[in-house]
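Novice: Contents of structure_30.txt (compact mmCIF, C-alpha atoms):
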```
# COMPACT_ATOMS: atom_id res chain seq x y z
CA MET I 2 -21.96 25.59 -45.94
CA ASN I 3 -24.85 23.08 -45.89
CA ARG I 4 -26.40 21.46 -42.83
CA ARG I 5 -24.65 18.12 -43.40
CA ALA I 6 -21.25 19.78 -43.37
CA LEU I 7 -22.11 21.67 -40.20
CA LEU I 8 -23.34 18.46 -38.58
CA ALA I 9 -20.16 16.62 -39.57
CA ILE I 10 -18.01 19.41 -38.12
CA GLY I 11 -20.01 19.26 -34.88
CA VAL I 12 -19.65 15.49 -34.63
CA PHE I 13 -15.91 15.57 -35.26
CA GLY I 14 -15.53 18.38 -32.74
CA ALA I 15 -17.40 16.37 -30.11
CA LEU I 16 -15.26 13.31 -30.81
CA ALA I 17 -12.10 15.37 -30.51
CA ARG I 18 -13.24 16.77 -27.17
CA ALA I 19 -14.18 13.28 -25.95
CA GLN I 20 -10.77 11.92 -26.89
CA THR I 21 -8.85 14.75 -25.18
CA PRO I 22 -7.19 13.25 -22.09
CA ALA I 23 -8.18 14.77 -18.78
CA ALA I 24 -5.45 16.89 -17.18
CA ILE I 25 -4.32 15.53 -13.82
CA SER I 26 -1.69 16.56 -11.30
CA LEU I 27 0.29 14.28 -9.01
CA ALA I 28 -1.78 15.38 -6.01
CA GLN I 29 -5.00 14.55 -7.85
CA ALA I 30 -3.64 11.17 -8.92
CA GLN I 31 -2.77 10.36 -5.30
CA GLU I 32 -6.20 11.50 -4.11
CA ILE I 33 -7.87 9.21 -6.63
CA ALA I 34 -5.66 6.31 -5.55
CA VAL I 35 -6.54 6.80 -1.86
CA LYS I 36 -10.25 6.66 -2.69
CA ASN I 37 -10.03 4.02 -5.39
CA HIS I 38 -7.30 1.50 -4.58
CA PRO I 39 -8.54 -1.85 -3.22
CA ARG I 40 -5.42 -2.40 -1.09
CA ILE I 41 -6.30 0.63 1.04
CA ALA I 42 -9.94 -0.47 1.29
CA SER I 43 -8.85 -3.96 2.32
CA ALA I 44 -6.57 -2.63 5.06
CA ALA I 45 -9.34 -0.31 6.31
CA LEU I 46 -11.81 -3.21 6.50
CA ARG I 47 -9.31 -5.29 8.49
CA ALA I 48 -8.87 -2.38 10.89
CA GLU I 49 -12.64 -2.13 11.25
CA ALA I 50 -12.83 -5.86 11.99
CA SER I 51 -10.13 -5.50 14.67
CA ARG I 52 -12.24 -2.87 16.45
CA SER I 53 -15.01 -5.44 16.74
CA VAL I 54 -12.54 -7.80 18.45
CA VAL I 55 -12.07 -5.15 21.17
CA LYS I 56 -15.83 -5.17 21.75
CA GLU I 57 -15.78 -8.96 21.87
CA ALA I 58 -13.09 -8.97 24.57
CA ARG I 59 -14.84 -6.22 26.57
CA SER I 60 -18.17 -8.09 26.53
CA ALA I 61 -16.93 -10.41 29.30
CA PHE I 62 -17.27 -7.51 31.77
CA TYR I 63 -21.03 -7.27 31.22
CA PRO I 64 -23.79 -9.59 32.46
CA THR I 65 -25.33 -12.18 30.18
CA LEU I 66 -29.05 -12.91 30.18
CA SER I 67 -30.71 -15.80 28.40
CA GLY I 68 -34.23 -17.13 28.25
CA ASN I 69 -35.18 -20.81 28.32
CA VAL I 70 -38.32 -22.75 27.50
CA THR I 71 -38.21 -26.40 28.58
CA GLY I 72 -40.61 -29.33 28.26
CA VAL I 73 -39.75 -32.66 29.90
CA GLY I 74 -41.60 -35.96 30.15
CA ALA I 75 -40.06 -38.21 32.81
CA GLU I 76 -40.76 -41.61 34.36
CA HIS I 77 -42.49 -41.00 37.70
CA GLY I 78 -40.05 -41.09 40.61
CA SER I 79 -36.97 -41.79 38.47
CA THR I 80 -33.55 -40.26 38.96
CA LEU I 81 -30.53 -39.65 36.71
CA SER I 82 -27.71 -41.92 37.83
CA ALA I 83 -25.43 -43.27 35.07
CA GLY I 84 -22.76 -40.80 33.98
CA ALA I 85 -23.19 -38.55 37.03
CA VAL I 86 -21.56 -38.49 40.45
CA ILE I 87 -24.62 -37.01 42.13
CA THR I 88 -28.03 -38.41 41.25
CA SER I 89 -30.82 -36.01 40.39
CA SER I 90 -34.54 -36.51 40.34
CA ILE I 91 -36.29 -35.92 37.03
CA TYR I 92 -39.78 -34.41 36.91
CA SER I 93 -42.20 -33.94 34.08
CA ARG I 94 -42.78 -30.25 33.45
CA ALA I 95 -43.25 -27.42 30.99
CA SER I 96 -41.49 -24.27 32.17
CA SER I 97 -39.87 -21.02 31.09
CA GLY I 98 -37.43 -18.69 32.79
CA LEU I 99 -34.41 -16.43 32.68
CA PHE I 100 -30.80 -17.19 33.54
CA ALA I 101 -28.24 -14.44 34.23
CA THR I 102 -24.49 -14.58 34.89
CA GLN I 103 -22.03 -11.85 35.84
CA LEU I 104 -18.26 -12.10 36.07
CA ILE I 105 -17.09 -10.71 39.39
CA THR I 106 -13.37 -11.09 38.86
CA ASP I 107 -10.86 -13.23 37.02
CA PHE I 108 -7.93 -11.33 38.54
CA GLY I 109 -7.05 -9.30 35.45
CA ARG I 110 -7.29 -11.87 32.65
CA THR I 111 -10.21 -10.23 30.84
CA ARG I 112 -8.64 -6.79 31.25
CA SER I 113 -5.42 -8.09 29.67
CA LEU I 114 -7.38 -9.62 26.80
CA GLU I 115 -9.17 -6.32 26.18
CA GLN I 116 -5.90 -4.38 26.20
CA SER I 117 -4.33 -6.93 23.86
CA ALA I 118 -7.25 -6.56 21.44
CA ARG I 119 -7.06 -2.76 21.65
CA LEU I 120 -3.34 -2.77 20.85
CA ARG I 121 -3.97 -5.12 17.94
CA SER I 122 -6.63 -2.70 16.66
CA GLU I 123 -4.17 0.21 16.89
CA SER I 124 -1.65 -1.95 15.02
CA GLU I 125 -4.18 -2.46 12.21
CA ASP I 126 -4.78 1.31 12.08
CA GLN I 127 -1.05 1.82 11.59
CA ASN I 128 -1.15 -0.84 8.87
CA VAL I 129 -3.77 1.24 7.05
CA THR I 130 -1.38 4.21 7.18
CA ASN I 131 1.48 2.06 5.92
CA THR I 132 -0.61 0.63 3.09
CA ARG I 133 -1.68 4.12 2.05
CA ALA I 134 1.96 5.26 2.10
CA LYS I 135 2.97 2.37 -0.17
CA VAL I 136 0.15 3.13 -2.60
CA LEU I 137 1.11 6.82 -2.68
CA LEU I 138 4.73 5.86 -3.37
CA ASP I 139 3.61 3.58 -6.21
CA VAL I 140 1.57 6.43 -7.69
CA LYS I 141 4.50 8.84 -7.43
CA GLN I 142 6.89 6.42 -9.10
CA ALA I 143 4.41 5.58 -11.87
CA TYR I 144 3.60 9.28 -12.39
CA TYR I 145 7.27 10.27 -12.65
CA ASP I 146 7.98 7.28 -14.92
CA ALA I 147 5.15 8.40 -17.20
CA LEU I 148 6.49 11.97 -17.29
CA ALA I 149 9.97 10.64 -18.05
CA ALA I 150 8.64 8.41 -20.84
CA GLU I 151 6.77 11.35 -22.37
CA SER I 152 9.89 13.52 -22.20
CA VAL I 153 11.99 10.81 -23.83
CA LEU I 154 9.33 10.44 -26.53
CA ARG I 155 9.52 14.18 -27.24
CA ALA I 156 13.32 14.07 -27.37
CA VAL I 157 13.33 11.08 -29.70
CA GLY I 158 10.62 12.71 -31.85
CA ALA I 159 12.71 15.88 -32.15
CA ALA I 160 15.74 13.78 -33.08
CA LEU I 161 13.69 11.98 -35.74
CA ASP I 162 12.54 15.31 -37.21
CA LEU I 163 16.10 16.57 -37.24
CA ARG I 164 17.43 13.47 -38.99
CA ARG I 165 14.64 13.60 -41.56
CA LEU I 166 15.56 17.21 -42.23
CA THR I 167 19.21 16.21 -42.58
CA LEU I 168 18.22 13.43 -45.00
CA ARG I 169 16.32 15.89 -47.18
CA GLN I 170 19.25 18.30 -47.19
CA VAL I 171 21.80 15.60 -47.96
CA THR I 172 19.59 14.17 -50.71
CA ALA I 173 19.28 17.62 -52.29
CA LEU I 174 23.04 18.14 -52.09
CA ALA I 175 23.68 14.71 -53.61
CA GLN I 176 21.30 15.44 -56.46
CA SER I 177 23.26 18.63 -57.09
CA GLY I 178 26.52 16.69 -57.09
CA LEU I 179 27.76 18.42 -53.90
CA ARG I 180 27.62 15.27 -51.75
CA SER I 181 28.10 11.59 -52.42
CA THR I 182 25.43 8.94 -52.29
CA VAL I 183 27.30 7.46 -49.30
CA ASP I 184 26.19 10.46 -47.27
CA VAL I 185 22.60 9.78 -48.33
CA SER I 186 22.90 6.17 -47.25
CA PHE I 187 24.28 7.23 -43.85
CA ALA I 188 21.43 9.71 -43.43
CA GLN I 189 18.85 7.06 -44.37
CA VAL I 190 20.26 4.62 -41.80
CA ASN I 191 20.14 7.36 -39.17
CA VAL I 192 16.48 8.08 -39.96
CA SER I 193 15.61 4.38 -39.75
CA GLN I 194 17.36 4.08 -36.38
CA ALA I 195 15.53 7.18 -35.13
CA GLU I 196 12.22 5.69 -36.28
CA LEU I 197 12.95 2.50 -34.32
CA ASP I 198 13.86 4.58 -31.25
CA PHE I 199 10.64 6.54 -31.64
CA LEU I 200 8.51 3.39 -31.81
CA HIS I 201 10.23 2.03 -28.71
CA ALA I 202 9.75 5.32 -26.83
CA GLN I 203 6.11 5.43 -27.91
CA ASN I 204 5.52 1.95 -26.51
CA ASP I 205 7.29 2.88 -23.25
CA ALA I 206 5.05 5.93 -22.87
CA LYS I 207 1.90 3.84 -23.33
CA ALA I 208 3.15 1.20 -20.89
CA SER I 209 3.98 3.86 -18.29
CA HIS I 210 0.43 5.25 -18.51
CA ALA I 211 -0.95 1.74 -18.04
CA ARG I 212 1.18 1.33 -14.91
CA LEU I 213 -0.02 4.70 -13.61
CA SER I 214 -3.66 3.70 -14.11
CA ALA I 215 -3.07 0.47 -12.19
CA ALA I 216 -1.29 2.35 -9.39
CA MET I 217 -4.34 4.62 -9.09
CA GLY I 218 -6.59 1.58 -8.72
CA TYR I 219 -8.07 1.43 -12.22
CA GLU I 220 -8.57 -1.92 -13.88
CA ARG I 221 -8.35 -0.40 -17.36
CA ASP I 222 -5.89 2.08 -18.79
CA GLN I 223 -7.10 5.65 -18.32
CA PRO I 224 -5.85 8.42 -20.63
CA PHE I 225 -4.49 11.36 -18.67
CA SER I 226 -2.61 14.52 -19.53
CA LEU I 227 0.07 14.83 -16.86
CA SER I 228 1.34 18.03 -15.29
CA ASP I 229 5.08 18.38 -14.81
CA GLU I 230 6.45 18.52 -11.26
CA SER I 231 9.07 20.90 -9.92
CA LEU I 232 12.30 19.55 -8.48
CA PRO I 233 12.56 19.38 -4.67
CA ALA I 234 15.52 20.76 -2.79
CA ALA I 235 18.63 18.71 -2.13
CA PRO I 236 18.33 16.03 0.58
CA GLU I 237 19.18 17.03 4.15
CA ALA I 238 22.84 16.68 5.04
CA ASP I 239 22.45 14.77 8.35
CA VAL I 240 21.51 11.19 7.51
CA ASP I 241 21.61 10.12 11.18
CA ALA I 242 18.84 12.61 11.95
CA LEU I 243 16.80 11.13 9.09
CA ILE I 244 17.30 7.62 10.50
CA ALA I 245 16.14 8.77 13.93
CA GLU I 246 13.08 10.36 12.32
CA ALA I 247 12.31 7.16 10.43
CA LEU I 248 12.50 5.08 13.61
CA ARG I 249 9.93 7.44 15.15
CA GLU I 250 7.62 7.90 12.19
CA ARG I 251 7.58 4.72 10.09
CA PRO I 252 4.05 3.24 10.32
CA ASP I 253 5.21 -0.31 9.60
CA LEU I 254 7.57 -0.14 12.58
CA ALA I 255 4.74 1.25 14.70
CA THR I 256 2.61 -1.67 13.52
CA LEU I 257 5.19 -4.19 14.72
CA ARG I 258 5.70 -2.39 18.03
CA LEU I 259 1.98 -2.38 18.76
CA SER I 260 1.75 -6.02 17.69
CA HIS I 261 4.53 -6.89 20.13
CA GLU I 262 2.77 -5.02 22.95
CA SER I 263 -0.47 -6.81 22.06
CA LEU I 264 1.21 -10.20 22.23
CA ALA I 265 2.87 -9.26 25.54
CA ARG I 266 -0.52 -8.40 27.02
CA TYR I 267 -1.95 -11.63 25.66
CA ALA I 268 0.90 -13.54 27.34
CA GLU I 269 -0.09 -11.88 30.64
CA ALA I 270 -3.68 -12.98 30.06
CA GLU I 271 -2.55 -16.55 29.47
CA LYS I 272 -0.50 -16.40 32.68
CA ASP I 273 -3.66 -15.31 34.55
CA LEU I 274 -5.36 -18.58 33.59
CA ARG I 275 -3.87 -20.05 36.77
CA ASN I 276 -5.96 -17.64 38.89
CA PRO I 277 -9.49 -18.45 40.16
CA THR I 278 -12.55 -17.06 38.42
CA ILE I 279 -15.41 -15.71 40.56
CA SER I 280 -18.82 -15.24 38.98
CA ALA I 281 -22.41 -14.79 40.09
CA ALA I 282 -25.45 -16.53 38.64
CA ALA I 283 -29.21 -16.12 39.06
CA ALA I 284 -32.22 -17.97 37.64
CA ALA I 285 -35.97 -17.41 37.89
CA GLY I 286 -39.01 -18.72 36.07
CA VAL I 287 -42.38 -20.41 36.14
CA ALA I 288 -43.60 -23.93 35.39
CA PRO I 289 -47.32 -23.76 34.57
CA VAL I 290 -47.32 -27.49 33.83
CA HIS I 291 -45.41 -29.40 36.51
CA ASP I 292 -45.20 -32.46 38.70
CA PRO I 293 -47.08 -31.98 42.01
CA ARG I 294 -43.82 -32.39 43.91
CA ILE I 295 -42.30 -29.20 42.49
CA GLN I 296 -43.44 -25.58 42.81
CA GLU I 297 -44.98 -23.56 40.04
CA THR I 298 -42.34 -20.81 40.34
CA TYR I 299 -38.66 -20.96 41.03
CA SER I 300 -35.76 -18.58 41.69
CA ALA I 301 -32.18 -18.92 42.86
CA ALA I 302 -28.95 -16.96 43.05
CA GLY I 303 -25.40 -17.87 43.92
CA VAL I 304 -21.69 -17.25 43.60
CA ASN I 305 -19.30 -19.72 42.01
CA VAL I 306 -15.52 -19.84 42.47
CA ASN I 307 -13.72 -21.84 39.81
CA ILE I 308 -10.21 -22.83 40.94
CA PRO I 309 -7.97 -24.52 38.34
CA VAL I 310 -6.01 -27.41 39.82
CA LEU I 311 -4.83 -29.84 37.16
CA ASN I 312 -5.36 -29.83 33.41
CA GLY I 313 -2.41 -31.77 32.07
CA GLY I 314 -0.17 -28.71 31.71
CA LEU I 315 -2.54 -26.97 29.27
CA PHE I 316 -2.37 -23.53 30.87
CA ARG I 317 1.41 -23.64 31.22
CA ALA I 318 1.79 -24.61 27.56
CA ARG I 319 -0.52 -21.78 26.48
CA ARG I 320 1.47 -19.30 28.58
CA GLU I 321 4.78 -20.49 27.14
CA GLU I 322 3.42 -20.31 23.59
CA ALA I 323 2.19 -16.73 24.12
CA GLU I 324 5.49 -15.65 25.68
CA SER I 325 7.44 -17.14 22.77
CA HIS I 326 5.25 -15.28 20.26
CA ALA I 327 5.80 -12.02 22.17
CA ALA I 328 9.58 -12.57 22.27
CA ALA I 329 9.60 -13.30 18.52
CA ALA I 330 7.62 -10.10 17.85
CA ASP I 331 10.20 -8.14 19.86
CA LYS I 332 12.96 -9.54 17.62
CA ASP I 333 10.87 -8.60 14.56
CA VAL I 334 10.84 -5.00 15.79
CA GLU I 335 14.62 -5.09 16.22
CA ALA I 336 15.14 -6.59 12.75
CA LEU I 337 12.90 -4.02 11.07
CA SER I 338 14.69 -1.19 12.89
CA ILE I 339 18.00 -2.39 11.44
CA GLN I 340 16.44 -2.68 7.98
CA ILE I 341 14.94 0.82 8.19
CA ALA I 342 18.30 2.33 9.16
CA ARG I 343 19.88 0.60 6.16
CA ASP I 344 17.10 1.63 3.78
CA VAL I 345 17.23 5.28 4.85
CA ARG I 346 21.00 5.42 4.42
CA VAL I 347 20.86 3.78 0.98
CA ALA I 348 17.92 5.95 -0.15
CA TRP I 349 19.77 9.05 1.07
CA LEU I 350 22.88 8.08 -0.90
CA ASP I 351 20.80 7.36 -4.02
CA ALA I 352 18.96 10.69 -3.72
CA ASN I 353 22.23 12.61 -3.32
CA ASP I 354 23.72 10.80 -6.30
CA ALA I 355 20.67 11.60 -8.43
CA PHE I 356 20.78 15.25 -7.32
CA GLN I 357 24.44 15.60 -8.28
CA ARG I 358 23.75 14.11 -11.71
CA LEU I 359 21.31 16.93 -12.45
CA GLY I 360 24.10 19.47 -12.89
CA VAL I 361 26.30 17.11 -14.88
CA THR I 362 23.54 16.17 -17.34
CA ALA I 363 22.47 19.80 -17.76
CA ARG I 364 26.07 20.72 -18.66
CA MET I 365 26.23 17.72 -20.99
CA VAL I 366 23.12 18.92 -22.86
CA ALA I 367 24.63 22.37 -23.37
CA GLU I 368 27.91 20.87 -24.59
CA ALA I 369 26.13 18.42 -26.91
CA LYS I 370 24.04 21.22 -28.45
CA GLU I 371 27.14 23.29 -29.06
CA ALA I 372 28.94 20.30 -30.56
CA LEU I 373 25.98 19.64 -32.86
CA ARG I 374 25.92 23.28 -33.95
CA LEU I 375 29.61 23.14 -34.81
CA ALA I 376 29.28 19.78 -36.58
CA GLN I 377 26.36 21.08 -38.62
CA ALA I 378 28.34 24.18 -39.57
CA ARG I 379 31.37 22.08 -40.56
CA TYR I 380 29.21 19.78 -42.66
CA ASP I 381 27.41 22.68 -44.34
CA ASN I 382 30.81 24.14 -45.27
CA ALA I 383 32.09 20.76 -46.52
CA LEU I 384 34.63 20.59 -43.69
CA GLY I 385 33.11 17.69 -41.84
CA SER I 386 31.74 14.27 -42.70
CA ILE I 387 28.27 12.79 -42.38
CA VAL I 388 29.67 10.44 -39.74
CA GLU I 389 30.77 13.39 -37.61
CA LEU I 390 27.36 15.03 -37.99
CA SER I 391 25.51 11.79 -37.20
CA GLN I 392 27.61 11.26 -34.09
CA ALA I 393 26.90 14.81 -32.94
CA GLN I 394 23.17 14.29 -33.47
CA LEU I 395 23.29 11.02 -31.54
CA ASN I 396 25.23 12.63 -28.70
CA GLU I 397 22.71 15.48 -28.48
CA THR I 398 19.80 13.03 -28.34
CA ASN I 399 21.50 10.90 -25.70
CA ALA I 400 22.29 14.01 -23.64
CA GLU I 401 18.64 15.12 -23.77
CA ILE I 402 17.48 11.67 -22.70
CA GLY I 403 20.13 11.57 -19.97
CA ALA I 404 19.01 14.92 -18.58
CA THR I 405 15.38 13.81 -18.62
CA SER I 406 16.25 10.54 -16.91
CA ALA I 407 18.29 12.38 -14.28
CA LYS I 408 15.44 14.77 -13.49
CA TYR I 409 12.79 12.14 -12.97
CA ASP I 410 15.20 9.72 -11.37
CA TYR I 411 15.87 12.37 -8.72
CA LEU I 412 12.14 12.89 -8.22
CA ILE I 413 11.67 9.14 -7.76
CA ARG I 414 14.70 8.81 -5.45
CA HIS I 415 13.48 11.73 -3.35
CA ALA I 416 10.02 10.13 -3.11
CA VAL I 417 11.60 6.84 -2.00
CA LEU I 418 13.63 8.72 0.62
CA ASP I 419 10.48 10.39 1.94
CA PHE I 420 8.82 6.98 2.16
CA THR I 421 11.71 5.35 3.98
CA ILE I 422 11.75 8.23 6.48
CA GLY I 423 7.99 7.92 7.04
CA ARG I 424 6.96 11.28 5.56
CA SER I 425 4.71 9.78 2.90
CA ARG I 426 1.28 9.38 4.47
```
Mind converting the file's structure to C-alpha cells?

Specialist:
Amino acid sequence: MNRRALLAIGVFGALARAQTPAAISLAQAQEIAVKNHPRIASAALRAEASRSVVKEARSAFYPTLSGNVTGVGAEHGSTLSAGAVITSSIYSRASSGLFATQLITDFGRTRSLEQSARLRSESEDQNVTNTRAKVLLDVKQAYYDALAAESVLRAVGAALDLRRLTLRQVTALAQSGLRSTVDVSFAQVNVSQAELDFLHAQNDAKASHARLSAAMGYERDQPFSLSDESLPAAPEADVDALIAEALRERPDLATLRLSHESLARYAEAEKDLRNPTISAAAAAGVAPVHDPRIQETYSAAGVNVNIPVLNGGLFRARREEAESHAAAADKDVEALSIQIARDVRVAWLDANDAFQRLGVTARMVAEAKEALRLAQARYDNALGSIVELSQAQLNETNAEIGATSAKYDYLIRHAVLDFTIGRSR
C-alpha cells in the first residue's frame, strides 16, 4: 500500500473519530446545564446584587465622614436674608475641613430595613435554587424525549427492514407464480409507508437533540451519544405525605414566604417613620485665608433630634402602601400553596398511570410479536393474506413504539413529580 493510500486512510479515520458524538449521561448533561445555562447565571447575579442591598441598609449604622474645601468671596459686612428665616453673616474665606455624622437611634427603623433587605436576599437565594430546579427538569425532559425519539427511530427502522424483506420475498413468490401481483402492490405500499414513518422519526430524533442542547445552555445543536436510564421505583402510595413534603421543600414557596416576611419588616420600618431620629454631628477645619472677624480654625459638635410633625400624610400613606404589599404577598403564599397541593396530586396520578402502563405495553409487545410470528407462518404456508401479515407487522411496530413511549413517559412523569415535591435541586 502506497503512502497516499495510507494518508487517505489516516485522514478518513481522523474524520470519523471527529464526527463520533461524545457519550453523555443524564447526570453529566445536568452538570453542564448548571454551569452553562444563562438562566441560572442570571438568578445568581440577582442574588449577589441583593446581598449588596443588605450592606446598603446596614451602612446607616456607621458614621459618615466627608471632607470639604470651600472658597467664598463676600461683600464686606453683608448678611444672607432673602429666603431664610434667620439671617447669617457671610465672610470671605478659603477653608477646608471634615464633617462627621453618626446615627444614634431612629427607634428601630434602620434595623427593620436591614432585616427586610436580608430576607429579600434569602428570597433571591431560594430563587436561584428554584431556577436551577427548573433547568434540571428541562434537561431531564429533553434527555428522556431524545432517548424516546431514538428508540422510536430504531423501532421504525426495524419495521422498515422487515417490510423490505417481506417485499423481496413476496416479489420472488410472485415471479414464481406462487403469489399475485396484488400482494406485491400491498407490500410496496407498506414499504413506502414505513419509509415515511422513518423519515418522520428521523426528524423527531434530530429535533429532540436540538431541544436537549438548548436545555443544556448551548446556542447551537451539540451531537451527543446518550446513555439509557433505568426505571425508578413506583411512586409512593401516600400522596398527602408528598404534599406535606412539597409545602416544606419547594424553593418557589420558600421564595414567596421570605418575600412576604421581607415586606412585613419593611412595613414595620415605614411605621417607624413617625418616630424621632437622633443623630450626632461634628465638624472641624482650618481657614488659612479668612476675614479678620473669624478665626483661622474651627470645630463644633452637637446632637440633633428630628421630630416629624406634619408632612401632608406622607408617612401614613407609605405605611399603608407597605402593609398592603405585605398582605398581598401573604395571599400569594396561600395561593401558591393551593397550587402546589394540586400539582403534586396531579403529578402523582400521572406518574402512577404511566407506571401502570409499563406492564400493559410490555404484554402488548409480547402478544404482537407472537401474532406477527403466527401471521408470517400462515402467509408462508399460503393460509393467510398479505393484508393479515401487514396488519400484524403494523401492530408489532405500534406495540414497540407504545412500550418505548410508556417507558420514557414514566421517566418524565416521575421527574415532574420529583420537581413538584421539591426534590429536584

Novice: With only C-alpha atoms as the counted atoms, please give the residues lying no more than 10 Å from region 298-313 of chain I, apart from itself and same-chain residues fewer than 4 positions off, as a PDB file with C-alpha atoms, in the coordinates of the input.

Specialist:
```pdb
ATOM      1  CA  SER I  96     -41.490 -24.270  32.170  1.00  0.00           C
ATOM      2  CA  SER I  97     -39.870 -21.020  31.090  1.00  0.00           C
ATOM      3  CA  GLY I  98     -37.430 -18.690  32.790  1.00  0.00           C
ATOM      4  CA  LEU I  99     -34.410 -16.430  32.680  1.00  0.00           C
ATOM      5  CA  PHE I 100     -30.800 -17.190  33.540  1.00  0.00           C
ATOM      6  CA  ALA I 101     -28.240 -14.440  34.230  1.00  0.00           C
ATOM      7  CA  THR I 102     -24.490 -14.580  34.890  1.00  0.00           C
ATOM      8  CA  GLN I 103     -22.030 -11.850  35.840  1.00  0.00           C
ATOM      9  CA  LEU I 104     -18.260 -12.100  36.070  1.00  0.00           C
ATOM     10  CA  ILE I 105     -17.090 -10.710  39.390  1.00  0.00           C
ATOM     11  CA  THR I 106     -13.370 -11.090  38.860  1.00  0.00           C
ATOM     12  CA  ASP I 107     -10.860 -13.230  37.020  1.00  0.00           C
ATOM     13  CA  LEU I 274      -5.360 -18.580  33.590  1.00  0.00           C
ATOM     14  CA  ARG I 275      -3.870 -20.050  36.770  1.00  0.00           C
ATOM     15  CA  ASN I 276      -5.960 -17.640  38.890  1.00  0.00           C
ATOM     16  CA  PRO I 277      -9.490 -18.450  40.160  1.00  0.00           C
ATOM     17  CA  THR I 278     -12.550 -17.060  38.420  1.00  0.00           C
ATOM     18  CA  ILE I 279     -15.410 -15.710  40.560  1.00  0.00           C
ATOM     19  CA  SER I 280     -18.820 -15.240  38.980  1.00  0.00           C
ATOM     20  CA  ALA I 281     -22.410 -14.790  40.090  1.00  0.00           C
ATOM     21  CA  ALA I 282     -25.450 -16.530  38.640  1.00  0.00           C
ATOM     22  CA  ALA I 283     -29.210 -16.120  39.060  1.00  0.00           C
ATOM     23  CA  ALA I 284     -32.220 -17.970  37.640  1.00  0.00           C
ATOM     24  CA  ALA I 285     -35.970 -17.410  37.890  1.00  0.00           C
ATOM     25  CA  GLY I 286     -39.010 -18.720  36.070  1.00  0.00           C
ATOM     26  CA  VAL I 287     -42.380 -20.410  36.140  1.00  0.00           C
ATOM     27  CA  ALA I 288     -43.600 -23.930  35.390  1.00  0.00           C
ATOM     28  CA  PRO I 289     -47.320 -23.760  34.570  1.00  0.00           C
ATOM     29  CA  HIS I 291     -45.410 -29.400  36.510  1.00  0.00           C
ATOM     30  CA  ARG I 317       1.410 -23.640  31.220  1.00  0.00           C
ATOM     31  CA  ALA I 318       1.790 -24.610  27.560  1.00  0.00           C
TER      32      ALA I 318
END
```

Novice: I want to know what sits within 8 Å of Thr362 (chain I), based on all atoms listed in the file, with residues of the same chain fewer than 5 positions away left out; could you give that as an MDAnalysis selection string?

Specialist: chainID I and resid 400 403:404 407

Novice: Take CA of Ala363 (chain I) and CA of Ser26 (chain I) and report the distance between them in Å, one decimal.

Specialist: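 We find that CA of Ala363 (chain I) and CA of Ser26 (chain I) lie 25.2 Å from each other.
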
Novice: In the coordinate frame of the file, compute which residues have an atom within 9 Å of (-2.4, 10.9, 6.7) when using all atoms listed in the file, and state them as number ranges by chain.

Specialist: I: 130, 133-134, 425-426

Novice: Which distance in Å separates CA of Ala118 (chain I) and CA of Glu335 (chain I), to one decimal?

Specialist: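 Between CA of Ala118 (chain I) and CA of Glu335 (chain I) the gap is 22.5 Å.
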
Novice: Just want the 9 Å neighbourhood of Arg112 (chain I), counted on only C-alpha atoms, with same-chain residues fewer than 5 positions away dropped. Output as JSON, numbers by chain.

Specialist: {"I": [58, 59, 62, 107, 117, 270]}

Novice: Quick one: distance from CA of Phe356 (chain I) to CA of Val417 (chain I) in Å, one decimal?

Specialist: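 Separating CA of Phe356 (chain I) from CA of Val417 (chain I) is a distance of 13.5 Å.
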
Novice: May I have the protein, DNA and RNA residues with an atom at most 9 Å from (-37.5, -40.7, 39.9), counting all atoms listed in the file in the file's coordinates, returned as an mmCIF file with C-alpha atoms, keeping the file's coordinate frame?

Specialist:
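Printed below is point.cif as written:
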```
data_model
loop_
_atom_site.group_PDB
_atom_site.id
_atom_site.type_symbol
_atom_site.label_atom_id
_atom_site.label_comp_id
_atom_site.auth_asym_id
_atom_site.auth_seq_id
_atom_site.Cartn_x
_atom_site.Cartn_y
_atom_site.Cartn_z
ATOM 1 C CA ALA I 75 -40.060 -38.210 32.810
ATOM 2 C CA GLU I 76 -40.760 -41.610 34.360
ATOM 3 C CA HIS I 77 -42.490 -41.000 37.700
ATOM 4 C CA GLY I 78 -40.050 -41.090 40.610
ATOM 5 C CA SER I 79 -36.970 -41.790 38.470
ATOM 6 C CA THR I 80 -33.550 -40.260 38.960
ATOM 7 C CA LEU I 81 -30.530 -39.650 36.710
ATOM 8 C CA SER I 89 -30.820 -36.010 40.390
ATOM 9 C CA SER I 90 -34.540 -36.510 40.340
ATOM 10 C CA ILE I 91 -36.290 -35.920 37.030
ATOM 11 C CA TYR I 92 -39.780 -34.410 36.910
#
```

Novice: Go through I:Leu375, I:Ile413, I:Val183, I:Ala369 one by one, measure the shortest atom-to-atom distance of each to Val388 (chain I) using only C-alpha atoms, and give the residue with the smallest value.

Specialist: I:Val183

Novice: Extract, using only C-alpha atoms, all DNA, RNA and protein residues at most 9 Å from Asp410 (chain I), discarding same-chain residues fewer than 6 positions from it, and format them as a ChimeraX atom specification.

Specialist: /I:145-146,149,352,355-356

Novice: Counting all atoms listed in the file, figure out which residue out of I:His326, I:Lys36, I:Arg414, I:Arg47 gets nearest to Leu232 (chain I).

Specialist: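 Once distances to Leu232 (chain I) are computed over all atoms listed in the file, the minimum belongs to I:Arg414.
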
Novice: Compare I:Asp139, I:Asp344, I:Asp292, I:Asp273 by their minimum atom-to-atom distance to Val240 (chain I), counting all atoms listed in the file, and give me the closest one.

Specialist: I:Asp344

Novice: Just save region 171-184 of chain I with C-alpha atoms, as a JSON list (two decimals), in the first residue's frame.

Specialist:
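Saved result, part_22.json, follows:
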```json
[["chain", "number", "residue", "atom", "x", "y", "z"],
["I", 171, "VAL", "CA", -43.38, -11.52, -1.99],
["I", 172, "THR", "CA", -41.78, -10.32, -5.23],
["I", 173, "ALA", "CA", -39.87, -13.59, -5.54],
["I", 174, "LEU", "CA", -43.02, -15.60, -4.88],
["I", 175, "ALA", "CA", -44.96, -13.55, -7.44],
["I", 176, "GLN", "CA", -42.25, -14.10, -10.03],
["I", 177, "SER", "CA", -42.57, -17.83, -9.36],
["I", 178, "GLY", "CA", -46.33, -17.64, -9.79],
["I", 179, "LEU", "CA", -46.98, -18.52, -6.11],
["I", 180, "ARG", "CA", -48.40, -15.10, -5.20],
["I", 181, "SER", "CA", -50.38, -12.48, -7.08],
["I", 182, "THR", "CA", -49.15, -9.07, -8.08],
["I", 183, "VAL", "CA", -51.73, -7.63, -5.66],
["I", 184, "ASP", "CA", -49.61, -8.93, -2.80]]
```
